[in-house]
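Please read the structure below before turning to the comments.
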Amino acid sequence: TEVVLQAPEEFRGQSGKIRGFDAAANLFEVECPSSAKPLALRSNEFVQRLRIQLVQTMSSQKCAGPEVDLVGVRLASDGGADAYIVEVSGGTETHRPDKVRLHRGDVVRVGGLTTERGKRANGNLCIVGPFLPSEGRYEVMIEADEHPLRVRPRNLIP
């Protein structure tokens with residue numbers, strides 16, 4: 001899996017590849033071209049590079065915009081996503097999570113949920129299911145949970 005490093009500071013913005021996971025230490029082994037040896041990183045120290053679709057509004061109708069690469073996330077104080085950072089020609093742009101569509105099957109983390117069930121789900125991985133336009137939410141499957149959860153886009157952290 002290709003990732004974009006958010007920390008340590010000297011590697012911020014660089015690409016890497018996940019090569020393994022140490023379950024006992026809860027650390028990912030990430031290979032980075034500028035490091036002589038693999039880095040041991042927590043899940044919040046990198047963002048998965050995902051292909052996503054921007055949402056455009058035309059005549060009060062939402063429609064599919066261009067596909068771009070998600071390369072970063074700016075977290076809100078509650079652990080949800082305040083903004084997604086996407087790569088465009090000539091640099092990067094920030095977009096609100098509700099102006100982006102993740103693809104079914106993407107694997108992301110859950111964050112910023114406040115219900116009792118949601119608090120237990122925060123930090124866990126989930127598989128993105130369909131986007132439900134009438135609710136403005138995604139249906140996701142959390143690992144080790146047999147019932148889907150419906151979450152706002154800002155609660156999905158790549």
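Going by the structure tokens order, chains are called A, B, ..., each with residues numbered from 1, while ligands are numbered from 1 in the order shown.
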Assign secondary structure with DSSP using the backbone only, and return the residues of chain A in strand (DSSP E) as a PyMOL selection string.
-> chain A and resi 2-5+15-22+27-31+39-41+46-48+50-58+61-75+81-88+91-95+100-101+107-110+125-132+137-142+149-151+156-157
What lies within 8 Å of Val47 of chain A using only C-alpha atoms, ignoring chain neighbours under 4 positions off, as a list of chain:residue names?
->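 Using only C-alpha atoms, the neighbours found are A:Val3, A:Val4, A:Leu5, A:Gln6, A:Ser43, A:Val71, A:Gly72, A:Val73, A:Pro158.
Distances to Tyr138 of chain A were evaluated for A:Ser77, A:Asn155, A:Thr92, A:Gln48 using only C-alpha atoms, and the minimum falls at A:Asn155.
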Which residue of A:Leu39, A:Leu70, A:Ala76, A:Leu156 approaches Glu10 of chain A most closely, using only C-alpha atoms |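 For Glu10 of chain A, the nearest of the given residues is A:Leu39.
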What is the atom CA of Asp98 of chain A to atom CA of Ala144 of chain A distance in Å?
->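 Computing the Euclidean distance for atom CA of Asp98 of chain A and atom CA of Ala144 of chain A yields 26.6 Å.
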Best match for closeness to Ala25 of chain A among A:Arg42, A:Arg51, A:Arg12, A:Arg109, counting only C-alpha atoms |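 Of all the options, A:Arg42 lies closest to Ala25 of chain A.
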